[in-house]
Amino acid sequence: MNSNKRHKKIGLSGHGDCRVVFCPDCGTLEIHFGASTIRTNSESLHVLSSVLNHAKVQLAQMQNASPAIDNTQQIRSGRVH
């Protein structure tokens, strides 16, 4: 395998500092978020998308919940900030 080969990167999606590019030669996806880049495969992208969508729904439910009724469930997820 020639490691000097330049990969063809196709932009799949993007907005501002966030974008996703794909290399059809090696099947690698790159998720760029600000100064951070995550290299992954399509299966992991689907899992990440599912997790983020679930978090988005949970957050919307928490933000729309009545302050008088505490119907949120706290989870320990490690460091958040």
# chains A, B, ... in the order shown; residues from 1 in each chain; ligands from 1
>>> residues_around(residues="Thr40 (chain A)", least_positions_apart="5", cutoff="7 Å", atoms="only C-alpha atoms", output="list of chain:residue names")
A:Thr28, A:Leu29, A:Glu30, A:Leu45
>>> atom_distance(atom1="CA of Phe33 (chain A)", atom2="CA of Val57 (chain A)")
21.0 Å
>>> atom_distance(atom1="CA of Cys23 (chain A)", atom2="CA of Ile10 (chain A)")
6.3 Å
>>> residues_around(residues="Ile31 (chain A)", least_positions_apart="2", cutoff="7 Å", atoms="only C-alpha atoms", output="list in words")
Arg19, Val20, Val21, Leu29, Phe33, Thr37, Ile38 and Arg39 of chain A
>>> atom_distance(atom1="CA of Met62 (chain A)", atom2="CA of Leu48 (chain A)")
20.9 Å
>>> closest_residue(among="A:Lys56, A:Lys8, A:His15, A:His46", to="Gly34 (chain A)", atoms="only C-alpha atoms")
A:His15
